Amino acid sequence: MTIKRQYSLPKCSLQLEGMSSVEPGSVGSRPLLSVVLQAECYFKDLDLRLSGGRDFLESLATAVSRYSQEVLSGVSQPIATEGNVEGVRLWRGEQPGQHHLSWSPPEGEMVEVQLNTLQLADLVDAIDQFYADSRTLPELTLKLAPVSRRYRQADVPLAVRSQPVLTGVGVLAIAAALLFFIPVPEVKNPKVAYEENIEETIAEDAAEDTTEEPETDDPDMDDPDVDSPDAEDEADEDDSNERDSGDAEDTISADELEDLLASGETITDATEVQFIQQHLYRELSDAWQNRDRLSEDLAYRITATIDGAIVVYEAIEGTSRSADEQTPLPDLKFLPTQAAIANREATVDFKVVFTEDQVLQINPWDGLQGSPTLGDQIRDRGTLRKLQDELRETLVKKWDEDVDTRGNDLIFRVSVAEDGAIADYQAQNNAAYTLEAETPLPKLLKPEAGRQIGSVVPDEPLGQFQVVFKAGGVVEVGPF
Amino acid sequence: MGSNLQAVLFKECIPKSHNPHAPALLKVPNFTSGMSQSVSPTADYKLPPRPKPLILDTLPDIPNLELCSTRTQQRIDLLLLALEALELGGSEYMLATAEELELKSLIAGRVSLWKLRCTNPWRRSYSRDELTQDQAKALIIVAGSRAKQLTMLLRQLLNARQELQSKNLPLDQHYRLSEYLERFQAHFRSRMNTRRAKVDHYLSNPDELNALALDLLTQLLFCAGAAGVQRLWVSLFDGEVA
């Protein structure tokens with residue numbers, strides 16, 4: 001007895017003809033279709049029938065199952081029987097919504113048909129209904145399993161994904177090739193350049209010093225003298241000692257002196273003249289007592305040697321010869337020794353004026369030939385820093401914070417020998433001139449520091465500093 | 001003043017506190033009038049919800065899979081998005097379907113549904129959560145159920161697409177189809193994160209976005225078949241298993 005089963009859908013119907021291998025169990029129940037004689041797939045729109053035996057049915061069901069999953073997920077799985085053209089195959093059309101189905105029967109020509117999505121969906125539904133029917137070939141059931149990730153295609157093609165990597169490698173290669181031609185930069189030792197700079201700046205400072213010097217030595221200054229009695233006494237002692245020793249030695253006569261002055265060389269070096277002038281100024285200023293006795297200006301031409309000794313003086317510009325008793329000149333005049341004559345000691349003339357308003361003026365008689373310098377300077381930075389620190393400490397200890405500076409800063413140039421002794425100093429502003437005696441500088445001064453006996457010009461390098469005394473005990477020390 | 005305010009608050013509180021009983025009272029006439037909807041008057045003695053709805057067993061478990069992949073989650077959300085574009089108030093229908101299929105333990109309400117859908121990495125509000133298999137099953141069952149309801153519309157739209165394609169006419173020539181595509185595009189634009197390269201690509205290529213929308217229609221159509229939901233479910237894990 002033939003059994004017919006039909007699974008009918010709007011676009012596609014599946015019809016099976018077969019028979020049951022077993023006797024029907026009970027009347028009324030659907031007979032079991034266990035042997036398929038013919039299967040027919042009919043597409044109404046296309047009026048196309050595909051038919052075959054059980055092989056066709058199984059092949060169709062498997063192919064439809066596989067392809068529908070591919071349509072749903074977009075992941076295509078390879079056909080297990082590659083190269084085997086027999087049976088049913090399904091694959092995508094060129095356009096979305098197009099599907100191709102081919103059926104190669106064992107004998108006869110291959111049939112190929114193009115399906116749209118609705119026809120495919122109905123075909124799938126028909127197959128599913130057949131699978132679900134437990135009274136038709138119950139051994140064939142729907143078996144579904146996800147496709148392995150081996151078959152999953154990347155969302156982005158490999159060519160696109162590899163593009164950033166390839167670009168990066170390419171750029172690196174190009175950059176490396178270009179950089180290969182750029183020479184390795186030479187490493188310069190920065191220390192050398194640094195030292196050169198230091199020397200240059202020091203030289204510049206010295207040059208500035210020399211240019212400023214004449215201005216600061218202007219003799220038209222305010223009264224600088226408020227002497228401390230201690231310094232005066234010391235100076236007196238020194239003077240008397242030297243004079244005594246001079247007297248003890250063989251002195252020279254007036255004629256010999258005139259001859260010496262006439263034939264002797266003149267000191268022309270501006271630096272030496274400058275130092276001698278400073279020495280004389282300090283000596284005369286210290287020794288000049290009773291300034292209020294003067295009723296008129298007293299002017300003298302004095303001749304001094306390199307050691308700062310006044311060898312001769314004469315009154316000039318109408319100053320009476322007897323007026324010298326009112327000046328310290330007689331006390332400070334040294335007669336040159338025979339040795340000095342033998343050595344034809346060089347001398348230099350100054351004009352000294354003791355003014356009526358108690359100001360001491362000293363100027364080189366012939367002026368300065370060229371610019372005076374401060375002599376050799378200490379250039380070692382470490383030494384300078386050490387000296388600067390020592391000087392500041394010394395001055396801060398001695399600088400009386402109660403001194404009334406009247407709101408002014410007292411600025412001095414201070415020369416310091418390498419052993420830290422203050423060899424020389426010079427006021428740099430009016431307040432400093434006026435209040436020089438209030439500062440610790442006069443007491444700390446050691447004129448012999450940095451020089452040899454017999455010369456007021458230092459032969460050792462000195463450190464030059466600018467010292468500023470401020471009210472309240474503040475002392476600032478910096479490079480001059 | 002203070003007592004007045006208290007009185008007002010108290011008044012407002014009364015209806016709220018009685019609110020839960022109101023639906024039960026309203027449902028009694030339904031029950032008595034013989035509607036098919038079965039509401040027991042002894043609703044207070046409801047059985048606790050089943051730990052796992054039985055309907056989930058209609059979909060096979062995917063072995064060796066703890067949580068869904070982002071790609072699976074993205075596909076599920078897009079299917080639901082297509083359903084929303086197909087019918088106005090689509091998400092309400094989904095909630096109703098979930099309740100009907102006794103999936104409330106997995107899809108409790110709007111917020112719960114929204115949270116489940118936010119596992120789609122393309123979304124602006126991507127939650128970085130992962131769906132369990134049961135959650136994914138619930139969503140797919142709801143989607144399949146909705147798709148079955150909309151079978152006629154799906155066939156109509158896909159048929160129209162076929163005809164327009166064969167005549168080389170633009171897709172917006174069909175009113176219903178163009179309406180679907182426009183709505184899908186609007187939903188996609190408003191909910192997806194444009195900083196995602198893929199999303200940006202779709203938004204700057206409307207033709208590809210339309211192709212995606214039509215592909216989703218095809219998937220929904222397949223769901224309408226006898227074993228369509230199972231096929232769709234398994235296909236979600238294509239390329240995700242060893």
# chains A, B, ... in the order shown; residues from 1 in each chain; ligands from 1
$ closest_atom_pairs --of "chain A" --to "chain B" --cutoff "12 Å" --atoms "only C-alpha atoms" --output "CSV"
residue,atom,partner,partner_atom,distance
A:Tyr7,CA,B:Ala226,CA,11.3
A:Leu9,CA,B:Gly225,CA,10.2
A:Pro10,CA,B:Arg155,CA,10.5
A:Lys11,CA,B:Arg155,CA,10.9
A:Val64,CA,B:Arg231,CA,11.4
A:Ser65,CA,B:Arg231,CA,8.4
A:Arg66,CA,B:Arg231,CA,9.9
A:Tyr67,CA,B:Ser235,CA,10.8
A:Ser68,CA,B:Arg231,CA,7.9
A:Gln69,CA,B:Ser235,CA,5.6
A:Glu70,CA,B:Ser235,CA,7.6
A:Val71,CA,B:Gln219,CA,7.9
A:Leu72,CA,B:Gln219,CA,5.6
A:Ser73,CA,B:Ser235,CA,5.2
A:Gly74,CA,B:Asp238,CA,8.5
A:Val75,CA,B:Asp238,CA,6.5
A:Ser76,CA,B:Asp238,CA,9.1
A:Gln77,CA,B:Asp238,CA,9.3
A:Gln95,CA,B:Gln165,CA,8.9
A:Pro96,CA,B:Ala211,CA,7.9
A:Gly97,CA,B:Gln162,CA,7.4
A:Gln98,CA,B:Gln162,CA,8.9
A:Leu115,CA,B:Gln162,CA,10.7
A:Asn116,CA,B:Gln162,CA,7.4
A:Thr117,CA,B:Thr218,CA,7.2
A:Leu118,CA,B:Arg155,CA,6.9
A:Gln119,CA,B:Asn159,CA,10.1
A:Leu120,CA,B:Phe222,CA,9.1
A:Ala121,CA,B:Phe222,CA,5.8
A:Asp122,CA,B:Gly225,CA,7.7
A:Leu123,CA,B:Gly225,CA,9.7
A:Val124,CA,B:Gly225,CA,7.4
A:Asp125,CA,B:Gly225,CA,4.9
A:Ala126,CA,B:Ala226,CA,8.2
A:Ile127,CA,B:Ala226,CA,9.0
A:Asp128,CA,B:Ala227,CA,5.7
A:Gln129,CA,B:Ala226,CA,6.0
A:Phe130,CA,B:Ala226,CA,9.6
A:Tyr131,CA,B:Ala227,CA,9.1
A:Ala132,CA,B:Ala226,CA,8.0
A:Asp133,CA,B:Ala226,CA,10.7
A:Thr141,CA,B:Ala227,CA,11.2
A:Leu142,CA,B:Ala227,CA,8.6
A:Lys143,CA,B:Arg231,CA,9.7
A:Leu144,CA,B:Val234,CA,6.7
A:Ala145,CA,B:Val234,CA,6.1
A:Pro146,CA,B:Asp238,CA,4.5
A:Val147,CA,B:Asp238,CA,4.4
A:Ser148,CA,B:Gly239,CA,4.9
A:Arg149,CA,B:Gly239,CA,3.5
A:Arg150,CA,B:Gly239,CA,6.8
A:Tyr151,CA,B:Gly239,CA,6.4
A:Arg152,CA,B:Gly239,CA,4.8
A:Gln153,CA,B:Gly239,CA,8.2
A:Ala154,CA,B:Gly239,CA,9.9
A:Asp155,CA,B:Lys198,CA,9.3
A:Val156,CA,B:Lys198,CA,9.7
$ atom_distance --atom1 "CA of Ser8 in chain A" --atom2 "CA of Leu33 in chain A"
17.5 Å
$ residues_around --residues "Ser20 in chain A" --least-positions-apart "4" --cutoff "12 Å" --atoms "only C-alpha atoms" --output "ChimeraX atom specification"
/A:1-4,24-25,30-37,135-138
